[in-house]
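Colleague: For reference, the file entry.csv (CSV, C-alpha atoms) is included below:
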```
chain,number,residue,atom,x,y,z
A,1012,MET,CA,44.9,90.3,88.8
A,1013,ALA,CA,48.5,90.4,90.0
A,1014,LYS,CA,48.9,89.9,93.8
A,1015,HIS,CA,51.0,92.2,95.9
A,1016,THR,CA,53.2,90.1,98.2
A,1017,PHE,CA,56.7,90.1,99.5
A,1018,SER,CA,57.6,87.6,96.7
A,1019,SER,CA,56.1,89.7,93.9
A,1020,LEU,CA,57.8,92.8,95.3
A,1021,SER,CA,61.1,91.0,95.3
A,1022,ARG,CA,60.6,89.9,91.7
A,1023,ARG,CA,59.9,93.5,90.7
A,1024,LEU,CA,63.0,94.7,92.4
A,1025,ALA,CA,65.0,92.0,90.7
A,1026,SER,CA,63.6,93.0,87.3
A,1027,ALA,CA,64.7,96.6,88.1
A,1028,GLY,CA,68.3,95.4,88.8
A,1029,PHE,CA,68.2,95.1,92.5
A,1030,LYS,CA,68.8,91.4,93.2
A,1031,LYS,CA,68.0,89.6,96.4
A,1032,ASP,CA,71.5,89.9,98.0
A,1033,PHE,CA,71.6,93.6,97.5
A,1034,VAL,CA,68.0,94.1,98.8
A,1035,ARG,CA,68.9,92.0,101.9
A,1036,ARG,CA,71.9,94.3,102.6
A,1037,ALA,CA,70.7,97.7,101.6
A,1038,ILE,CA,66.9,97.8,102.2
A,1039,LEU,CA,65.7,95.1,104.6
A,1040,PRO,CA,66.1,95.8,108.4
A,1041,ASP,CA,68.8,93.8,110.2
A,1042,TRP,CA,66.2,91.8,112.1
A,1043,TRP,CA,64.6,90.5,109.0
A,1044,ASP,CA,64.7,86.7,108.4
A,1045,LYS,CA,63.1,84.1,106.2
A,1046,SER,CA,60.0,83.9,108.4
A,1047,CYS,CA,59.3,87.6,107.9
A,1048,GLU,CA,58.5,86.9,104.2
A,1049,ARG,CA,55.3,85.1,105.2
A,1050,ASP,CA,54.1,87.8,107.6
A,1051,GLN,CA,51.8,90.0,105.6
A,1052,SER,CA,51.7,92.6,108.4
A,1053,LEU,CA,55.3,93.5,107.7
A,1054,LEU,CA,54.6,94.3,104.1
A,1055,THR,CA,53.7,97.9,104.8
A,1056,ASP,CA,57.1,98.5,106.5
A,1057,LEU,CA,58.9,97.0,103.5
A,1058,GLU,CA,56.9,99.1,101.1
A,1059,ILE,CA,58.0,102.3,102.9
A,1060,ARG,CA,61.6,101.2,102.8
A,1061,VAL,CA,61.5,100.4,99.1
A,1062,ALA,CA,59.8,103.7,98.3
A,1063,ARG,CA,62.3,105.6,100.3
A,1064,PHE,CA,65.3,103.9,98.7
A,1065,LEU,CA,64.0,104.2,95.2
A,1066,GLU,CA,62.6,107.7,95.8
A,1067,LEU,CA,59.2,106.6,94.3
A,1068,PRO,CA,55.7,107.3,95.5
A,1069,LEU,CA,54.3,104.6,97.9
A,1070,SER,CA,51.4,104.1,95.5
A,1071,VAL,CA,53.8,102.9,92.8
A,1072,VAL,CA,55.5,100.5,95.1
A,1073,ARG,CA,52.1,99.1,96.1
A,1074,ASP,CA,51.0,98.6,92.5
A,1075,PRO,CA,52.0,95.0,91.6
A,1076,THR,CA,51.9,96.0,87.9
A,1077,ALA,CA,54.2,99.0,88.1
A,1078,PRO,CA,57.9,98.8,87.3
A,1079,LEU,CA,60.3,99.7,90.2
A,1080,SER,CA,62.9,101.4,88.1
A,1081,PRO,CA,65.2,103.9,89.9
A,1082,LEU,CA,65.0,107.6,89.0
A,1083,HIS,CA,66.2,108.3,85.5
A,1084,ARG,CA,69.2,110.6,85.7
A,1085,SER,CA,69.6,112.0,82.2
A,1086,GLU,CA,72.6,114.1,83.1
A,1087,VAL,CA,74.9,111.3,84.3
A,1088,LYS,CA,78.3,111.6,82.6
A,1089,LEU,CA,79.4,108.1,81.7
A,1090,ARG,CA,83.0,107.7,80.8
A,1091,ARG,CA,85.4,104.9,79.9
A,1092,VAL,CA,82.5,102.6,78.9
A,1093,ARG,CA,83.0,99.5,76.7
A,1094,TYR,CA,79.9,97.4,76.5
A,1095,VAL,CA,77.6,98.6,79.2
A,1096,GLU,CA,74.8,101.1,78.5
A,1097,GLN,CA,73.6,103.7,81.0
A,1098,ASP,CA,70.3,102.0,81.6
A,1099,ARG,CA,72.1,98.9,82.8
A,1100,LEU,CA,74.3,100.9,85.2
A,1101,ALA,CA,71.3,102.9,86.5
A,1102,PRO,CA,70.7,100.5,89.6
A,1103,SER,CA,74.4,100.7,90.7
A,1104,ILE,CA,74.5,104.5,90.2
A,1105,HIS,CA,71.3,105.0,92.1
A,1106,ALA,CA,72.5,102.8,95.0
A,1107,ALA,CA,75.8,104.6,95.1
A,1108,LEU,CA,74.2,108.0,95.4
A,1109,ARG,CA,71.9,106.7,98.2
A,1110,ILE,CA,75.0,105.3,100.0
A,1111,ALA,CA,76.8,108.7,99.5
A,1112,GLY,CA,73.9,110.5,101.2
A,1113,ALA,CA,74.0,108.1,104.1
A,1114,VAL,CA,77.7,108.6,104.5
A,1115,GLY,CA,77.4,112.4,104.5
A,1116,ARG,CA,74.6,112.4,107.1
A,1117,CYS,CA,76.8,110.3,109.4
A,1118,MET,CA,79.9,112.4,109.2
A,1119,GLY,CA,80.7,114.8,112.0
A,1120,ARG,CA,82.2,117.4,109.6
A,1121,ASP,CA,80.6,120.0,107.4
A,1122,ALA,CA,80.8,119.7,103.7
A,1123,PRO,CA,83.6,121.9,102.1
A,1124,GLU,CA,83.1,124.9,99.9
A,1125,LEU,CA,83.9,124.0,96.3
A,1126,ASP,CA,86.0,127.2,96.0
A,1127,ASP,CA,88.4,125.8,98.6
A,1128,ILE,CA,89.3,122.7,96.4
A,1129,PRO,CA,92.7,122.9,94.7
A,1130,VAL,CA,92.3,123.8,91.1
A,1131,ASP,CA,95.1,121.6,89.9
A,1132,GLY,CA,97.0,118.6,91.0
A,1133,LEU,CA,100.3,120.4,91.7
A,1134,SER,CA,98.6,122.8,94.0
A,1135,TRP,CA,96.9,119.9,95.8
A,1136,ARG,CA,100.3,118.1,96.1
A,1137,ASN,CA,101.8,121.2,97.6
A,1138,GLU,CA,99.0,121.4,100.2
A,1139,ILE,CA,99.3,117.8,101.1
A,1140,ASN,CA,103.1,118.1,101.6
A,1141,ASN,CA,102.9,121.5,103.2
A,1142,GLY,CA,105.3,122.8,100.7
A,1143,ALA,CA,107.9,120.2,101.4
A,1144,SER,CA,109.3,117.6,99.0
A,1145,GLY,CA,108.3,113.9,99.2
A,1146,HIS,CA,106.0,111.5,97.5
A,1147,VAL,CA,102.2,111.6,98.0
A,1148,SER,CA,100.8,108.2,99.0
A,1149,LEU,CA,97.2,106.8,99.2
A,1150,GLN,CA,97.3,107.4,103.0
A,1151,ASP,CA,98.2,111.1,102.4
A,1152,ILE,CA,95.3,111.5,99.9
A,1153,LEU,CA,92.7,109.8,102.1
A,1154,THR,CA,93.8,111.9,105.2
A,1155,ASP,CA,93.5,115.1,103.2
A,1156,LEU,CA,90.1,114.3,101.6
A,1157,TRP,CA,88.4,113.1,104.7
A,1158,GLY,CA,89.9,116.1,106.5
A,1159,ARG,CA,88.3,118.4,104.0
A,1160,GLY,CA,84.9,116.7,104.5
A,1161,ILE,CA,85.1,114.7,101.3
A,1162,PRO,CA,84.5,111.0,101.9
A,1163,VAL,CA,86.1,108.3,99.9
A,1164,VAL,CA,83.8,105.3,100.1
A,1165,PRO,CA,84.7,101.7,99.0
A,1166,ILE,CA,81.5,100.0,98.3
A,1167,ASP,CA,81.4,96.2,99.1
A,1168,THR,CA,77.9,95.5,97.8
A,1169,LEU,CA,76.4,97.0,94.6
A,1170,PRO,CA,73.9,96.0,92.0
A,1171,THR,CA,75.6,94.6,88.9
A,1172,PRO,CA,77.0,95.7,86.5
A,1173,GLY,CA,78.9,98.2,88.6
A,1174,PHE,CA,81.6,100.8,88.0
A,1175,GLN,CA,85.1,101.6,88.9
A,1176,GLY,CA,84.8,105.1,90.3
A,1177,LEU,CA,82.1,107.7,90.8
A,1178,ALA,CA,82.4,111.4,91.6
A,1179,CYS,CA,79.3,113.2,92.8
A,1180,ILE,CA,77.8,115.9,94.9
A,1181,VAL,CA,75.1,114.7,97.2
A,1182,GLU,CA,73.4,117.0,99.7
A,1183,ASP,CA,76.0,119.6,98.9
A,1184,ARG,CA,78.9,117.3,99.8
A,1185,PRO,CA,81.4,116.2,97.2
A,1186,THR,CA,81.9,112.4,97.5
A,1187,ILE,CA,84.1,109.8,95.8
A,1188,LEU,CA,82.8,106.2,95.6
A,1189,LEU,CA,84.8,103.2,94.5
A,1190,GLY,CA,83.0,100.2,93.1
A,1191,GLN,CA,85.8,97.8,92.4
A,1192,ARG,CA,87.9,96.3,95.2
A,1193,TYR,CA,91.4,96.9,93.9
A,1194,ASP,CA,94.0,96.5,96.7
A,1195,GLU,CA,97.1,98.0,95.2
A,1196,PRO,CA,97.7,101.4,96.9
A,1197,GLY,CA,99.2,103.0,93.9
A,1198,ARG,CA,96.3,102.0,91.6
A,1199,VAL,CA,93.7,103.2,94.1
A,1200,ALA,CA,95.6,106.4,94.7
A,1201,PHE,CA,95.4,107.2,91.0
A,1202,ILE,CA,91.7,106.3,90.8
A,1203,VAL,CA,90.9,108.5,93.8
A,1204,ALA,CA,93.0,111.4,92.5
A,1205,HIS,CA,91.3,111.1,89.1
A,1206,GLU,CA,87.8,111.3,90.6
A,1207,PHE,CA,88.9,114.3,92.7
A,1208,GLY,CA,90.0,115.9,89.5
A,1209,HIS,CA,86.5,115.6,88.2
A,1210,ILE,CA,85.2,117.4,91.3
A,1211,SER,CA,87.9,120.1,91.1
A,1212,SER,CA,87.0,120.7,87.4
A,1213,ARG,CA,83.3,121.0,88.3
A,1214,ASP,CA,82.6,118.0,85.9
A,1215,CYS,CA,79.9,116.8,88.4
A,1216,ALA,CA,77.0,118.6,89.9
A,1217,PRO,CA,74.1,117.7,92.3
A,1218,GLU,CA,72.2,114.8,90.7
A,1219,HIS,CA,74.7,114.8,87.8
A,1220,PRO,CA,77.5,112.4,88.8
A,1221,VAL,CA,80.5,111.4,86.7
A,1222,VAL,CA,80.9,107.7,86.4
A,1223,ASP,CA,84.1,106.0,85.2
A,1224,GLU,CA,83.0,102.4,84.3
A,1225,GLU,CA,86.4,100.9,83.6
A,1226,ALA,CA,89.9,102.4,83.5
A,1227,GLN,CA,91.2,100.1,80.9
A,1228,VAL,CA,88.8,101.5,78.3
A,1229,HIS,CA,90.4,104.3,76.2
A,1230,ASP,CA,88.7,107.7,76.5
A,1231,ASP,CA,90.5,110.7,75.0
A,1232,SER,CA,87.8,113.2,75.9
A,1233,ASP,CA,89.0,116.5,77.3
A,1234,MET,CA,87.2,115.7,80.6
A,1235,GLU,CA,89.1,112.4,81.0
A,1236,LYS,CA,92.5,113.8,79.9
A,1237,SER,CA,92.1,116.6,82.4
A,1238,ALA,CA,91.3,114.2,85.3
A,1239,ASP,CA,94.2,112.0,84.4
A,1240,LEU,CA,96.5,115.1,84.3
A,1241,TYR,CA,95.2,116.1,87.8
A,1242,ALA,CA,96.0,112.7,89.1
A,1243,THR,CA,99.4,112.6,87.5
A,1244,GLN,CA,100.3,116.0,88.9
A,1245,VAL,CA,99.5,115.2,92.5
A,1246,LEU,CA,101.1,111.7,92.5
A,1247,VAL,CA,104.1,112.3,90.2
A,1248,GLY,CA,104.7,116.0,90.8
A,1249,GLU,CA,104.9,116.8,87.1
A,1250,ASN,CA,102.5,117.4,84.1
A,1251,ALA,CA,103.7,114.2,82.4
A,1252,ILE,CA,104.5,110.7,83.5
A,1253,PRO,CA,108.2,110.1,83.7
A,1254,GLU,CA,109.4,107.9,80.9
A,1255,ILE,CA,109.7,104.3,82.2
A,1256,ILE,CA,110.6,101.5,79.9
A,1257,GLY,CA,111.4,97.9,80.2
A,1258,ASP,CA,111.3,94.7,78.3
A,1259,ASP,CA,109.3,93.0,81.1
A,1260,TYR,CA,107.6,93.9,84.3
A,1261,ARG,CA,110.8,93.4,86.3
A,1262,GLU,CA,112.6,96.2,84.5
A,1263,LEU,CA,109.4,98.3,84.7
A,1264,ALA,CA,109.4,97.8,88.5
A,1265,GLN,CA,113.1,98.6,88.8
A,1266,ASN,CA,112.9,101.8,86.7
A,1267,ALA,CA,109.9,103.0,88.7
A,1268,ALA,CA,111.8,102.4,92.0
A,1269,ASN,CA,114.7,104.4,90.6
A,1270,LEU,CA,112.4,107.2,89.8
A,1271,GLU,CA,110.9,107.1,93.2
A,1272,SER,CA,114.4,107.7,94.7
A,1273,GLU,CA,115.3,110.4,92.2
A,1274,ARG,CA,112.0,112.4,92.1
A,1275,GLY,CA,110.1,111.7,95.2
A,1276,ALA,CA,107.1,110.1,93.4
A,1277,ASP,CA,105.6,106.8,94.7
A,1278,ALA,CA,106.8,104.0,92.5
A,1279,GLY,CA,103.4,102.3,92.5
A,1280,ALA,CA,101.7,105.5,91.5
A,1281,ILE,CA,104.2,106.0,88.7
A,1282,ILE,CA,103.5,102.5,87.4
A,1283,TYR,CA,99.7,103.0,87.4
A,1284,ALA,CA,100.0,106.4,85.9
A,1285,TRP,CA,102.0,104.7,83.2
A,1286,ALA,CA,99.4,102.0,82.8
A,1287,SER,CA,96.7,104.6,82.4
A,1288,ARG,CA,98.5,106.0,79.4
A,1289,ALA,CA,99.9,102.7,78.0
A,1290,ARG,CA,96.6,100.7,78.7
A,1291,ASP,CA,98.8,97.8,80.0
A,1292,TYR,CA,97.4,97.0,83.4
A,1293,SER,CA,98.6,93.4,83.3
A,1294,GLN,CA,102.3,94.5,83.2
A,1295,ALA,CA,101.6,97.2,85.8
A,1296,SER,CA,100.0,94.7,88.2
A,1297,MET,CA,103.0,92.3,87.9
A,1298,ALA,CA,105.5,95.2,88.3
A,1299,VAL,CA,103.8,96.5,91.5
A,1300,LYS,CA,103.7,93.0,92.9
A,1301,ALA,CA,107.4,92.7,92.2
A,1302,LEU,CA,107.9,95.8,94.4
A,1303,TYR,CA,105.6,94.3,97.1
A,1304,ARG,CA,103.2,97.3,96.6
A,1305,ASP,CA,100.2,95.1,95.6
A,1306,SER,CA,98.1,95.2,98.8
A,1307,GLY,CA,96.9,97.3,101.7
A,1308,ALA,CA,94.6,99.8,99.9
A,1309,PHE,CA,91.3,98.3,101.1
A,1310,ARG,CA,92.6,98.3,104.7
A,1311,LEU,CA,93.4,102.0,104.5
A,1312,LEU,CA,90.0,102.8,102.9
A,1313,ARG,CA,88.2,100.9,105.6
A,1314,ARG,CA,90.2,102.5,108.4
A,1315,HIS,CA,89.4,106.0,107.3
A,1316,PHE,CA,85.8,105.2,106.8
A,1317,GLU,CA,85.4,103.7,110.3
A,1318,SER,CA,87.2,106.7,111.8
A,1319,ASN,CA,85.1,109.3,110.1
A,1320,VAL,CA,81.6,107.8,109.9
A,1321,ASN,CA,79.4,107.4,113.0
A,1322,ILE,CA,77.5,104.2,112.2
A,1323,GLU,CA,76.2,103.6,115.7
A,1324,ASN,CA,74.1,106.8,115.8
A,1325,ALA,CA,72.9,106.4,112.2
A,1326,SER,CA,69.2,105.9,111.5
A,1327,GLU,CA,68.1,102.3,110.7
A,1328,THR,CA,67.7,103.2,107.0
A,1329,ASP,CA,71.2,104.8,106.8
A,1330,ARG,CA,72.7,101.9,108.8
A,1331,ALA,CA,71.5,99.5,106.2
A,1332,LEU,CA,73.0,101.6,103.4
A,1333,LEU,CA,76.3,101.9,105.3
A,1334,GLY,CA,76.3,98.1,105.5
A,1335,CYS,CA,76.9,98.1,101.8
A,1336,VAL,CA,80.3,99.7,102.5
A,1337,LEU,CA,81.8,97.5,105.1
A,1338,GLY,CA,80.1,94.2,104.2
```
Can I see the file as structure tokens?

Modeller:
Amino acid sequence: MAKHTFSSLSRRLASAGFKKDFVRRAILPDWWDKSCERDQSLLTDLEIRVARFLELPLSVVRDPTAPLSPLHRSEVKLRRVRYVEQDRLAPSIHAALRIAGAVGRCMGRDAPELDDIPVDGLSWRNEINNGASGHVSLQDILTDLWGRGIPVVPIDTLPTPGFQGLACIVEDRPTILLGQRYDEPGRVAFIVAHEFGHISSRDCAPEHPVVDEEAQVHDDSDMEKSADLYATQVLVGENAIPEIIGDDYRELAQNAANLESERGADAGAIIYAWASRARDYSQASMAVKALYRDSGAFRLLRRHFESNVNIENASETDRALLGCVLG
């Protein structure tokens, strides 16, 4: 007969995709240490936490022979996937949705009405700029989305394999989650705007998230082309990416900088919009670095999160989930 202990429970969680480091951050209480693993009286508390996190009956968690797989979400829309199947992404998707719920519960702002979301990127750009000209930056996008009650959450700790971006509606709140720690503001701005395009187009619904696994994977579906168009419109101000050419990344950078002056579109955003079409992220990264636009995104994401999410008054369970954001 299999024995139900902390060690056996940890092994079952690991088999389900939730390794020790993630469990320590997202599920265990902050007072937990190595000695607690030997205290059988604490096992009940741990069982309750695991059952709550996985949304499984307590009886399943207590059965040492039962698998601890997360809820099967048959309506996940998985996009831009190369080698990873949905079953392998299930732990990171489940964790992200649980984190999204914790973020929403700890915000002091009501969720927005979906009918109030701009239907296209040009309309959103106009709202951000209040009708004036000028480029739209990552800072502008984050200020607008958090102001609408739509959090943009950079996740520091996730089960692996992870994803690039996830758009979802959790407890009636549209939420954007970022699973990769890119620090280039232009690149992150395009990713966030792309995910907001999924929300605007009603691609995602409660319990039916849209998950973009990797931007460098080609996906010419109507859904992805529409989201890319949305991002291009808000960041570039046009329906198409301005033509930028160059024999190397230096010329690419110079041409993007010239377009920024001429058209009021952020050069970094132009470069990554170009990369999304050309599938050449290596040249894009070097071009953005040449313009000294290759860092600062994570600092902005963290600042907005800390300003809008009340961690101190969160429940113990939510506080553990929020720890996956800030690390």

Colleague: Find the residue from A:Val1247, A:Ala1106, A:Leu1067, A:Ala1113 that sits nearest to Thr1171 (chain A); use only C-alpha atoms when measuring.

Modeller: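 Among the listed residues, A:Ala1106 lies closest to Thr1171 (chain A).
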
Colleague: For a quick check of understanding, using all atoms listed in the file, which of A:Glu1273, A:Asp1194, A:Asp1183, A:Glu1066 has the smallest distance to Pro1165 (chain A)?

Modeller: A:Asp1194

Colleague: Let me make sure I understand: among A:Leu1024, A:Val1245, A:Ala1289, A:Leu1089, which one has the smallest atom-to-atom distance to Glu1058 (chain A) if we use all atoms listed in the file?

Modeller: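 Nearest to Glu1058 (chain A): A:Leu1024.
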
Colleague: Do you have the CA of Pro1068 (chain A)-CA of Leu1108 (chain A) distance handy?

Modeller: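 Atom-to-atom, CA of Pro1068 (chain A) and CA of Leu1108 (chain A) are spaced 18.5 Å apart.
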
Colleague: Which residue, A:Asp1214, A:Arg1192, A:Leu1100, A:Gly1197, has the smallest gap to Ala1027 (chain A) when you use only C-alpha atoms?

Modeller: A:Leu1100
